[in-house]
Structure formats: C-alpha cells, structure tokens
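> One file: structure-v2.tsv (TSV, C-alpha atoms and all ligand atoms).
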chain	number	residue	atom	x	y	z
A	1070	MET	CA	112.48	92.89	117.73
A	1071	ASN	CA	110.52	90.91	115.13
A	1072	ILE	CA	106.73	91.14	114.82
A	1073	ILE	CA	104.11	88.89	113.26
A	1074	LEU	CA	101.01	90.54	111.79
A	1075	PHE	CA	98.36	87.87	111.71
A	1076	GLY	CA	94.82	87.84	110.30
A	1077	PRO	CA	92.71	86.76	107.32
A	1078	PRO	CA	93.45	88.02	103.81
A	1079	GLY	CA	92.16	91.59	103.59
A	1080	ALA	CA	92.38	92.19	107.35
A	1081	GLY	CA	94.72	95.13	106.79
A	1082	LYS	CA	98.03	93.43	107.59
A	1083	GLY	CA	99.80	94.97	104.61
A	1084	THR	CA	98.49	98.47	105.31
A	1085	GLN	CA	99.38	98.33	109.00
A	1086	SER	CA	102.81	96.84	108.19
A	1087	ASP	CA	103.49	99.79	105.88
A	1088	ASN	CA	102.68	102.15	108.78
A	1089	LEU	CA	105.02	100.26	111.14
A	1090	VAL	CA	107.80	100.16	108.57
A	1091	LYS	CA	107.65	103.95	108.26
A	1092	ASP	CA	107.48	104.75	111.98
A	1093	PHE	CA	109.79	102.12	113.43
A	1094	ASN	CA	112.39	101.58	110.72
A	1095	LEU	CA	111.33	97.98	110.26
A	1096	HIS	CA	111.39	95.74	107.19
A	1097	LYS	CA	108.21	94.08	105.90
A	1098	VAL	CA	108.41	90.40	104.98
A	1099	SER	CA	105.26	89.65	103.00
A	1100	THR	CA	105.52	86.10	101.69
A	1101	GLY	CA	102.64	86.94	99.30
A	1102	ASP	CA	104.63	89.89	97.85
A	1103	LEU	CA	107.78	87.76	97.56
A	1104	LEU	CA	105.85	85.05	95.72
A	1105	ARG	CA	104.07	87.55	93.43
A	1106	ASN	CA	107.45	89.03	92.57
A	1107	GLU	CA	108.72	85.58	91.51
A	1108	ILE	CA	105.70	85.39	89.17
A	1109	LYS	CA	106.23	88.93	87.88
A	1110	ILE	CA	109.86	88.32	86.92
A	1111	ASN	CA	109.02	84.87	85.56
A	1112	THR	CA	111.47	82.78	87.58
A	1113	PRO	CA	111.15	78.95	87.55
A	1114	LEU	CA	109.59	79.24	91.02
A	1115	GLY	CA	107.16	81.90	89.73
A	1116	ILE	CA	106.04	79.70	86.83
A	1117	LYS	CA	105.53	76.77	89.22
A	1118	ILE	CA	103.38	78.69	91.73
A	1119	LYS	CA	101.29	80.99	89.50
A	1120	SER	CA	98.27	78.70	89.20
A	1121	ILE	CA	98.35	77.86	92.94
A	1122	ILE	CA	98.26	81.54	93.88
A	1123	ASP	CA	95.59	82.38	91.31
A	1124	LYS	CA	93.36	79.68	92.81
A	1125	GLY	CA	93.91	81.07	96.33
A	1126	GLN	CA	95.62	77.89	97.55
A	1127	LEU	CA	98.72	77.76	99.73
A	1128	VAL	CA	102.16	77.05	98.25
A	1129	SER	CA	104.23	74.33	99.91
A	1130	ASP	CA	105.84	74.89	103.29
A	1131	ASP	CA	109.28	74.09	101.76
A	1132	ILE	CA	108.99	77.10	99.45
A	1133	ILE	CA	108.06	79.35	102.37
A	1134	GLU	CA	110.92	77.93	104.44
A	1135	SER	CA	113.53	78.82	101.84
A	1136	LEU	CA	112.13	82.35	101.33
A	1137	VAL	CA	112.11	83.06	105.08
A	1138	ASP	CA	115.56	81.49	105.58
A	1139	LYS	CA	116.98	83.89	102.99
A	1140	ILE	CA	115.37	86.91	104.66
A	1141	LEU	CA	116.52	85.94	108.16
A	1142	SER	CA	120.10	85.51	106.97
A	1143	ASN	CA	120.23	89.14	105.77
A	1144	LYS	CA	122.27	90.94	108.45
A	1145	LYS	CA	121.17	94.39	107.24
A	1146	ILE	CA	117.64	93.76	108.54
A	1147	PHE	CA	118.62	91.62	111.54
A	1148	ASN	CA	115.86	91.52	114.18
A	1149	ARG	CA	113.83	94.29	112.48
A	1150	LEU	CA	111.21	92.28	110.64
A	1151	ILE	CA	107.45	92.34	110.34
A	1152	PHE	CA	106.11	89.04	109.07
A	1153	ASP	CA	102.92	89.51	107.03
A	1154	GLY	CA	101.34	86.30	105.71
A	1155	VAL	CA	103.50	83.79	107.56
A	1156	PRO	CA	102.98	81.51	109.47
A	1157	ARG	CA	99.85	80.18	107.73
A	1158	ASN	CA	99.66	76.79	109.50
A	1159	LEU	CA	101.12	75.04	112.53
A	1160	ASN	CA	103.94	73.48	110.53
A	1161	GLN	CA	105.02	76.96	109.40
A	1162	VAL	CA	105.00	78.05	113.07
A	1163	LYS	CA	107.57	75.31	113.72
A	1164	ILE	CA	109.56	76.16	110.58
A	1165	LEU	CA	109.65	79.84	111.53
A	1166	ASN	CA	110.67	79.03	115.10
A	1167	ASP	CA	113.52	76.76	113.97
A	1168	LEU	CA	114.75	79.38	111.49
A	1169	LEU	CA	114.63	82.10	114.16
A	1170	VAL	CA	116.76	79.92	116.47
A	1171	LYS	CA	119.17	79.20	113.59
A	1172	HIS	CA	119.58	82.92	112.90
A	1173	LYS	CA	119.63	83.91	116.60
A	1174	GLN	CA	116.45	85.97	116.45
A	1175	LYS	CA	113.02	85.83	118.04
A	1176	ILE	CA	109.44	87.07	117.76
A	1177	SER	CA	108.62	89.72	120.39
A	1178	CYS	CA	105.02	90.37	119.49
A	1179	VAL	CA	102.15	88.87	117.49
A	1180	LEU	CA	99.37	91.25	116.42
A	1181	SER	CA	96.23	89.45	115.33
A	1182	LEU	CA	93.62	91.47	113.41
A	1183	THR	CA	90.03	90.22	113.70
A	1184	VAL	CA	87.67	91.02	110.81
A	1185	ASP	CA	84.41	89.27	109.81
A	1186	ARG	CA	83.94	87.45	106.51
A	1187	ASP	CA	81.56	89.93	104.81
A	1188	THR	CA	83.87	92.86	105.51
A	1189	ILE	CA	86.84	90.85	104.24
A	1190	ILE	CA	85.09	90.16	100.93
A	1191	LYS	CA	84.27	93.85	100.45
A	1192	ARG	CA	87.78	94.94	101.36
A	1193	VAL	CA	89.49	92.44	99.10
A	1194	LEU	CA	87.33	93.32	96.11
A	1195	GLY	CA	88.24	96.99	96.53
A	1196	ARG	CA	91.97	96.46	97.14
A	1197	GLN	CA	94.40	98.35	94.89
A	1198	VAL	CA	98.17	97.95	94.98
A	1199	CYS	CA	100.61	100.43	93.43
A	1200	SER	CA	102.93	98.49	91.13
A	1201	LYS	CA	105.52	101.27	91.49
A	1202	CYS	CA	105.73	102.01	95.25
A	1203	SER	CA	103.88	98.87	96.52
A	1204	LEU	CA	101.58	100.88	98.81
A	1205	ILE	CA	98.13	99.38	99.35
A	1206	PHE	CA	94.84	101.31	98.96
A	1207	ASN	CA	91.13	100.51	98.70
A	1208	GLU	CA	88.68	102.03	96.25
A	1209	PHE	CA	85.89	101.90	98.88
A	1210	PHE	CA	87.62	102.39	102.24
A	1211	ASN	CA	91.01	104.00	101.65
A	1212	LYS	CA	91.19	105.88	98.36
A	1213	PRO	CA	94.64	107.17	97.40
A	1214	ASN	CA	94.99	110.96	97.36
A	1215	ASN	CA	97.74	113.51	96.73
A	1216	ASP	CA	98.93	113.26	100.34
A	1217	THR	CA	98.99	109.47	100.61
A	1218	HIS	CA	100.12	108.44	97.13
A	1219	LEU	CA	102.78	110.16	95.04
A	1220	CYS	CA	102.80	107.87	91.99
A	1221	ASP	CA	100.50	108.26	88.98
A	1222	LYS	CA	97.18	106.42	89.34
A	1223	LYS	CA	97.96	104.37	86.22
A	1224	TYR	CA	100.18	102.25	88.51
A	1225	LEU	CA	97.25	101.14	90.69
A	1226	THR	CA	96.55	97.47	90.03
A	1227	LYS	CA	94.31	94.67	91.25
A	1228	ARG	CA	95.82	91.40	92.47
A	1229	SER	CA	94.88	88.46	90.25
A	1230	ASP	CA	93.77	86.44	93.32
A	1231	ASP	CA	91.50	89.23	94.64
A	1232	ASN	CA	88.19	87.96	93.25
A	1233	THR	CA	85.02	86.63	94.89
A	1234	SER	CA	85.66	82.92	94.33
A	1235	THR	CA	89.24	82.85	95.61
A	1236	ILE	CA	88.62	85.15	98.55
A	1237	VAL	CA	86.02	82.80	100.02
A	1238	SER	CA	88.43	79.87	99.79
A	1239	ARG	CA	91.33	81.95	101.18
A	1240	PHE	CA	89.18	83.07	104.11
A	1241	ASP	CA	88.06	79.49	104.84
A	1242	THR	CA	91.65	78.22	104.75
A	1243	TYR	CA	92.59	80.95	107.21
A	1244	SER	CA	89.70	80.10	109.56
A	1245	LYS	CA	90.67	76.42	109.57
A	1246	GLU	CA	94.33	77.04	110.41
A	1247	ALA	CA	94.17	80.12	112.62
A	1248	LEU	CA	93.13	78.80	116.03
A	1249	PRO	CA	96.09	76.51	116.80
A	1250	ILE	CA	98.50	79.20	115.61
A	1251	LEU	CA	96.92	81.82	117.86
A	1252	ASP	CA	96.92	79.32	120.74
A	1253	PHE	CA	100.65	78.73	120.30
A	1254	TYR	CA	101.51	82.44	120.56
A	1255	LYS	CA	99.00	82.99	123.36
A	1256	LYS	CA	100.80	80.34	125.42
A	1257	GLN	CA	104.06	82.19	124.77
A	1258	GLY	CA	102.44	85.35	126.17
A	1259	ILE	CA	103.12	87.44	123.06
A	1260	LEU	CA	99.68	87.50	121.41
A	1261	ASN	CA	97.74	90.78	121.09
A	1262	GLU	CA	94.28	90.54	119.56
A	1263	ILE	CA	93.08	93.68	117.82
A	1264	GLN	CA	89.63	94.55	116.49
A	1265	GLY	CA	90.36	95.04	112.79
A	1266	MET	CA	86.95	96.44	111.80
A	1267	MET	CA	87.70	100.02	112.87
A	1268	GLN	CA	89.15	102.84	110.76
A	1269	ILE	CA	92.75	102.27	109.62
A	1270	ASP	CA	94.14	105.12	111.75
A	1271	VAL	CA	92.25	103.98	114.87
A	1272	ILE	CA	93.63	100.46	114.50
A	1273	TYR	CA	97.11	101.82	113.91
A	1274	LYS	CA	96.93	103.92	117.07
A	1275	GLU	CA	96.25	100.75	119.03
A	1276	ILE	CA	99.08	98.90	117.28
A	1277	LYS	CA	101.50	101.76	117.86
A	1278	ALA	CA	100.68	101.80	121.57
A	1279	ILE	CA	101.66	98.12	121.76
A	1280	ILE	CA	104.84	98.41	119.70
A	1281	GLN	CA	106.21	101.70	121.06
A	1282	PRO	CA	107.31	100.33	124.47
A	1283	LEU	CA	109.03	97.38	122.77
A	1284	ALA	CA	110.89	99.58	120.31
A	1285	THR	CA	112.93	101.84	122.57
A	1286	TRP	CA	116.22	100.24	121.54
A	1287	LEU	CA	115.34	99.90	117.85
A	1288	TYR	CA	117.40	102.77	116.60
A	1289	LYS	CA	120.62	101.72	118.32
A	1290	LYS	CA	123.32	101.11	115.76
A	1301	LIG	P1	98.89	87.13	100.70
A	1301	LIG	O1	99.51	88.25	99.93
A	1301	LIG	O2	99.47	86.95	102.07
A	1301	LIG	O3	97.39	87.19	100.70
A	1301	LIG	O4	99.28	85.79	99.91
A	1301	LIG	C1	98.87	85.58	98.57
A	1301	LIG	C2	99.02	84.11	98.22
A	1301	LIG	O5	100.40	83.73	98.31
A	1301	LIG	C3	98.29	83.13	99.12
A	1301	LIG	O6	96.93	82.95	98.78
A	1301	LIG	C4	99.11	81.86	98.90
A	1301	LIG	O7	98.83	81.29	97.65
A	1301	LIG	C5	100.54	82.41	98.84
A	1301	LIG	N1	101.16	82.50	100.17
A	1301	LIG	C6	101.57	83.65	100.81
A	1301	LIG	N2	102.11	83.38	102.01
A	1301	LIG	C7	102.04	82.02	102.13
A	1301	LIG	C8	102.42	81.12	103.15
A	1301	LIG	N3	102.99	81.55	104.28
A	1301	LIG	N4	102.21	79.80	102.95
A	1301	LIG	C9	101.65	79.34	101.81
A	1301	LIG	N5	101.25	80.13	100.81
A	1301	LIG	C10	101.44	81.47	100.96
Just give me the structure as structure tokens.


Amino acid sequence: MNIILFGPPGAGKGTQSDNLVKDFNLHKVSTGDLLRNEIKINTPLGIKIKSIIDKGQLVSDDIIESLVDKILSNKKIFNRLIFDGVPRNLNQVKILNDLLVKHKQKISCVLSLTVDRDTIIKRVLGRQVCSKCSLIFNEFFNKPNNDTHLCDKKYLTKRSDDNTSTIVSRFDTYSKEALPILDFYKKQGILNEIQGMMQIDVIYKEIKAIIQPLATWLYKK
C-alpha cells in the first residue's frame, strides 16, 4: 500500500507522515527532504537547485522523476511508501503513475489536508526541523519536549525557504495546481479530504481511522 499526503506547504504533511511511519512501518518519501539533502551534501544537483528552492519555486519534473524512480526501485521499501510533496502538478501525476506501473506498485489512498492561507503562514514561520533526527516541530503550535524530542535543542533549525515572501508564492503555486490533481484522484475513488486546521493528534486520529483498514496485510513478510 502506498499513500499520498497532499496539501499546501505547512499543512502538516511531514508531521502526519512521521506518525504514519511510526505506526504502520512505512517509509516517507519527501521530495523536499531529498532535494534539501542534495543541497546539504553539495552534490552537482544540490548546487543547481539551491536558488530555485530558496525562492520557493518548483524544480523541474525531470529531477522529480529520477528521484522517485530511484525510490520506487528500492525493493526493501516496496509498496510501503508515503509520498509527501509529490505530485505537485498534473504532469507529475502522470509521471508518478507511469513509474508506479513500471515498478508494479500503486497508490491505495490519497489524504488531502485542507488549511487556510493565514494559518499556513503562521505555521511555516514557526516550523523547526531537527537536523539530527529529522522530526518536525513548531515553536507556536507543537513545541518539542522531553517526551517528543530526544535530541539536544541545538539541532533545531529553520528551513531557508520558510520565510514570509517565499511562503506566499509557495502557497499560490499550490492553489493553482491543486484542483486538477485532486480531481484526478477523486475520479479514481481514492481521495480523502481532511480538515487540517484541527490539533495534530485529532487530525492523526482521523488519518489513522482511514489507513488502519487498508493496512491489515502490511506486516506480512
Ligand atoms: P517541501 O519540503 O515539500 O515544502 O518542498 C520544498 C521545496 O522543494 C519546494 O518549494 C520546491 O522548490 C522543491 N520541491 C519539493 N517537491 C517538489 C516537487 N514534487 N516538484 C517540484 N519541486 C519540488
């Protein structure tokens, strides 16, 4: 079973993916994380995309295609993926579909988180990511504490694209591209729309109730 977590930047996709990874033994595929890692380790791809990401623009579909192709060819995580941040446009829907066919996999469920623009801006400006364990927190809405975060707080960082000017453009890009993508998955009968403005644990309860019945065979070896 593969899942897509869909929604604007700051909707809580990363946080909810982390919950699903823990409970259902899934593997998170965040194209944003993969791209940021290329920048962090200074690969030729990382150097090429740094300014695009810092401006909040999308990288080319070809780059996304090769990242996703590599992930889908990994047999260790076969059919146990949560896509966070892809697809971002209708062409990526097609690319993802073709790659899934190529690797004999499919999407069982799309979870779309709905959050309004003002809340998104607040959430993104407060977002903190641990550079050691990669968990995501928020200095306003989801502060790390001794139970939720084991690393030292010196590892908490801000993403370079989490600032007011880029978040508005990232949100607008999402709004422009989202409808046809949602329509596509609605027609396939696998779209679940979730109110993303509630507390993290309330949203997760709803997500878990959707995923649980699909996941009965997940642990089979
Ligand atoms: P995210 O972590 O999903 O917010 O992504 C951070 C940034 O990475 C985006 O603003 C884009 O520049 C780039 N990015 C991530 N996923 C994609 C994608 N599927 N297509 C194009 N660009 C992407």

> Quick one: contact table of chain A to ligand LIG 1301 (chain A), 6 Å max, nearest atom pair and distance in Å to one decimal per residue, counting all atoms listed in the file, chain and number order, as CSV?


residue,atom,partner,partner_atom,distance
A:Pro1078,CA,A:LIG1301,O3,5.1
A:Thr1100,CA,A:LIG1301,N2,4.4
A:Gly1101,CA,A:LIG1301,O1,3.5
A:Asp1102,CA,A:LIG1301,O1,5.8
A:Ile1121,CA,A:LIG1301,O7,5.8
A:Ile1122,CA,A:LIG1301,O7,3.8
A:Gly1125,CA,A:LIG1301,O6,4.3
A:Gln1126,CA,A:LIG1301,O7,4.7
A:Leu1127,CA,A:LIG1301,N5,3.6
A:Val1128,CA,A:LIG1301,N5,4.1
A:Ser1129,CA,A:LIG1301,C9,5.9
A:Ile1133,CA,A:LIG1301,N3,5.8
A:Gly1154,CA,A:LIG1301,O2,4.1
A:Val1155,CA,A:LIG1301,N3,4.0
A:Pro1156,CA,A:LIG1301,N3,5.2
A:Arg1157,CA,A:LIG1301,N3,4.9

> What lies within 10 Å of range 1162-1167 of chain A using all atoms listed in the file, ignoring chain neighbours under 3 positions off, as a PyMOL selection string?

chain A and resi 1130-1131+1133-1135+1137-1138+1141+1155-1159+1170-1176+1249-1250+1253-1254

> Quick one: of A:Ala1284, A:Leu1225, A:Ala1278, A:Ile1189, who's nearest to Gly1081 in chain A, counting all atoms listed in the file?

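For Gly1081 in chain A, the nearest of the candidates is A:Ile1189.
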
> Taking all atoms listed in the file into account, name the residue in A:Val1198, A:Leu1204, A:Val1179, A:Ala1080 that is nearest to Asn1261 in chain A.

A:Val1179

> Smallest atom-to-atom distance to Lys1191 in chain A: which of A:Ser1203, A:Gly1079, A:Ile1110, A:Glu1275, using only C-alpha atoms?

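Ranked by minimum distance to Lys1191 in chain A, first place goes to A:Gly1079.
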
> Could you check which of A:Cys1178, A:Ile1108, A:Leu1103, A:Ile1140 is closest to Gln1281 in chain A, using only C-alpha atoms?

A:Cys1178

> Quote the spacing between CA of Gln1268 in chain A and CA of Val1193 in chain A in Å to one decimal place.

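Between CA of Gln1268 in chain A and CA of Val1193 in chain A the gap works out to 15.6 Å.
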
> Within 8 Å of Gly1083 in chain A, counting all atoms listed in the file, which residues qualify if same-chain residues fewer than 2 places away don't, as number ranges by chain?

A: 1081, 1085-1087, 1099, 1153, 1205

> So, with all atoms listed in the file as the atoms that count, which of A:Asn1232, A:Lys1144, A:Leu1168, A:Leu1182 lies closest to Leu1251 in chain A?

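The shortest atom-to-atom distance to Leu1251 in chain A comes from A:Leu1182.
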
> Closest to Gly1195 in chain A among A:Arg1105, A:Lys1222, A:Lys1139, A:Lys1227, using all atoms listed in the file?

A:Lys1227

> All heavy atoms for range 1177-1188 of chain A, written as a PDB file, in the coordinates of the input, could you do that?


ATOM      1  N   SER A1177     108.954  89.037 119.128  1.00  0.00           N
ATOM      2  CA  SER A1177     108.620  89.720 120.390  1.00  0.00           C
ATOM      3  C   SER A1177     107.127  89.939 120.535  1.00  0.00           C
ATOM      4  O   SER A1177     106.638  90.164 121.637  1.00  0.00           O
ATOM      5  CB  SER A1177     109.294  91.087 120.447  1.00  0.00           C
ATOM      6  OG  SER A1177     110.668  90.948 120.277  1.00  0.00           O
ATOM      7  N   CYS A1178     106.416  89.954 119.402  1.00  0.00           N
ATOM      8  CA  CYS A1178     105.020  90.370 119.490  1.00  0.00           C
ATOM      9  C   CYS A1178     104.228  89.821 118.282  1.00  0.00           C
ATOM     10  O   CYS A1178     104.713  89.877 117.148  1.00  0.00           O
ATOM     11  CB  CYS A1178     105.016  91.901 119.470  1.00  0.00           C
ATOM     12  SG  CYS A1178     103.408  92.614 119.520  1.00  0.00           S
ATOM     13  N   VAL A1179     103.048  89.288 118.572  1.00  0.00           N
ATOM     14  CA  VAL A1179     102.150  88.870 117.490  1.00  0.00           C
ATOM     15  C   VAL A1179     100.898  89.742 117.582  1.00  0.00           C
ATOM     16  O   VAL A1179     100.265  89.831 118.633  1.00  0.00           O
ATOM     17  CB  VAL A1179     101.761  87.375 117.634  1.00  0.00           C
ATOM     18  CG1 VAL A1179     100.781  86.964 116.548  1.00  0.00           C
ATOM     19  CG2 VAL A1179     103.003  86.495 117.596  1.00  0.00           C
ATOM     20  N   LEU A1180     100.567  90.404 116.475  1.00  0.00           N
ATOM     21  CA  LEU A1180      99.370  91.250 116.420  1.00  0.00           C
ATOM     22  C   LEU A1180      98.356  90.554 115.534  1.00  0.00           C
ATOM     23  O   LEU A1180      98.607  90.352 114.347  1.00  0.00           O
ATOM     24  CB  LEU A1180      99.710  92.614 115.818  1.00  0.00           C
ATOM     25  CG  LEU A1180     100.793  93.421 116.535  1.00  0.00           C
ATOM     26  CD1 LEU A1180     101.354  94.494 115.615  1.00  0.00           C
ATOM     27  CD2 LEU A1180     100.223  94.049 117.794  1.00  0.00           C
ATOM     28  N   SER A1181      97.233  90.158 116.112  1.00  0.00           N
ATOM     29  CA  SER A1181      96.230  89.450 115.330  1.00  0.00           C
ATOM     30  C   SER A1181      95.027  90.348 115.069  1.00  0.00           C
ATOM     31  O   SER A1181      94.380  90.832 116.004  1.00  0.00           O
ATOM     32  CB  SER A1181      95.794  88.192 116.090  1.00  0.00           C
ATOM     33  OG  SER A1181      94.673  87.622 115.476  1.00  0.00           O
ATOM     34  N   LEU A1182      94.732  90.598 113.788  1.00  0.00           N
ATOM     35  CA  LEU A1182      93.620  91.470 113.410  1.00  0.00           C
ATOM     36  C   LEU A1182      92.361  90.638 113.151  1.00  0.00           C
ATOM     37  O   LEU A1182      92.390  89.705 112.350  1.00  0.00           O
ATOM     38  CB  LEU A1182      93.974  92.248 112.135  1.00  0.00           C
ATOM     39  CG  LEU A1182      95.144  93.224 112.250  1.00  0.00           C
ATOM     40  CD1 LEU A1182      95.568  93.720 110.871  1.00  0.00           C
ATOM     41  CD2 LEU A1182      94.750  94.406 113.124  1.00  0.00           C
ATOM     42  N   THR A1183      91.280  90.968 113.859  1.00  0.00           N
ATOM     43  CA  THR A1183      90.030  90.220 113.700  1.00  0.00           C
ATOM     44  C   THR A1183      89.041  91.003 112.837  1.00  0.00           C
ATOM     45  O   THR A1183      88.698  92.142 113.160  1.00  0.00           O
ATOM     46  CB  THR A1183      89.364  90.031 115.095  1.00  0.00           C
ATOM     47  OG1 THR A1183      90.378  89.659 116.005  1.00  0.00           O
ATOM     48  CG2 THR A1183      88.293  88.986 115.059  1.00  0.00           C
ATOM     49  N   VAL A1184      88.623  90.373 111.729  1.00  0.00           N
ATOM     50  CA  VAL A1184      87.670  91.020 110.810  1.00  0.00           C
ATOM     51  C   VAL A1184      86.675  89.953 110.324  1.00  0.00           C
ATOM     52  O   VAL A1184      87.084  88.826 110.041  1.00  0.00           O
ATOM     53  CB  VAL A1184      88.402  91.630 109.592  1.00  0.00           C
ATOM     54  CG1 VAL A1184      87.428  92.351 108.673  1.00  0.00           C
ATOM     55  CG2 VAL A1184      89.490  92.603 110.037  1.00  0.00           C
ATOM     56  N   ASP A1185      85.374  90.308 110.231  1.00  0.00           N
ATOM     57  CA  ASP A1185      84.410  89.270 109.810  1.00  0.00           C
ATOM     58  C   ASP A1185      84.445  89.054 108.291  1.00  0.00           C
ATOM     59  O   ASP A1185      84.980  89.854 107.535  1.00  0.00           O
ATOM     60  CB  ASP A1185      82.990  89.578 110.321  1.00  0.00           C
ATOM     61  CG  ASP A1185      82.381  90.784 109.643  1.00  0.00           C
ATOM     62  OD1 ASP A1185      82.562  90.961 108.427  1.00  0.00           O
ATOM     63  OD2 ASP A1185      81.707  91.579 110.341  1.00  0.00           O
ATOM     64  N   ARG A1186      83.841  87.927 107.898  1.00  0.00           N
ATOM     65  CA  ARG A1186      83.940  87.450 106.510  1.00  0.00           C
ATOM     66  C   ARG A1186      83.350  88.432 105.482  1.00  0.00           C
ATOM     67  O   ARG A1186      83.942  88.676 104.428  1.00  0.00           O
ATOM     68  CB  ARG A1186      83.246  86.094 106.451  1.00  0.00           C
ATOM     69  CG  ARG A1186      83.295  85.412 105.132  1.00  0.00           C
ATOM     70  CD  ARG A1186      82.775  84.013 105.302  1.00  0.00           C
ATOM     71  NE  ARG A1186      82.119  83.547 104.098  1.00  0.00           N
ATOM     72  CZ  ARG A1186      82.134  82.279 103.703  1.00  0.00           C
ATOM     73  NH1 ARG A1186      82.764  81.382 104.402  1.00  0.00           N
ATOM     74  NH2 ARG A1186      81.524  81.924 102.607  1.00  0.00           N
ATOM     75  N   ASP A1187      82.187  89.032 105.783  1.00  0.00           N
ATOM     76  CA  ASP A1187      81.560  89.930 104.810  1.00  0.00           C
ATOM     77  C   ASP A1187      82.428  91.165 104.553  1.00  0.00           C
ATOM     78  O   ASP A1187      82.576  91.635 103.425  1.00  0.00           O
ATOM     79  CB  ASP A1187      80.179  90.386 105.298  1.00  0.00           C
ATOM     80  CG  ASP A1187      79.172  89.260 105.176  1.00  0.00           C
ATOM     81  OD1 ASP A1187      79.508  88.251 104.530  1.00  0.00           O
ATOM     82  OD2 ASP A1187      78.066  89.382 105.743  1.00  0.00           O
ATOM     83  N   THR A1188      83.004  91.685 105.647  1.00  0.00           N
ATOM     84  CA  THR A1188      83.870  92.860 105.510  1.00  0.00           C
ATOM     85  C   THR A1188      85.118  92.504 104.700  1.00  0.00           C
ATOM     86  O   THR A1188      85.568  93.277 103.846  1.00  0.00           O
ATOM     87  CB  THR A1188      84.281  93.382 106.907  1.00  0.00           C
ATOM     88  OG1 THR A1188      83.105  93.547 107.676  1.00  0.00           O
ATOM     89  CG2 THR A1188      85.036  94.701 106.823  1.00  0.00           C
TER      90      THR A1188
END
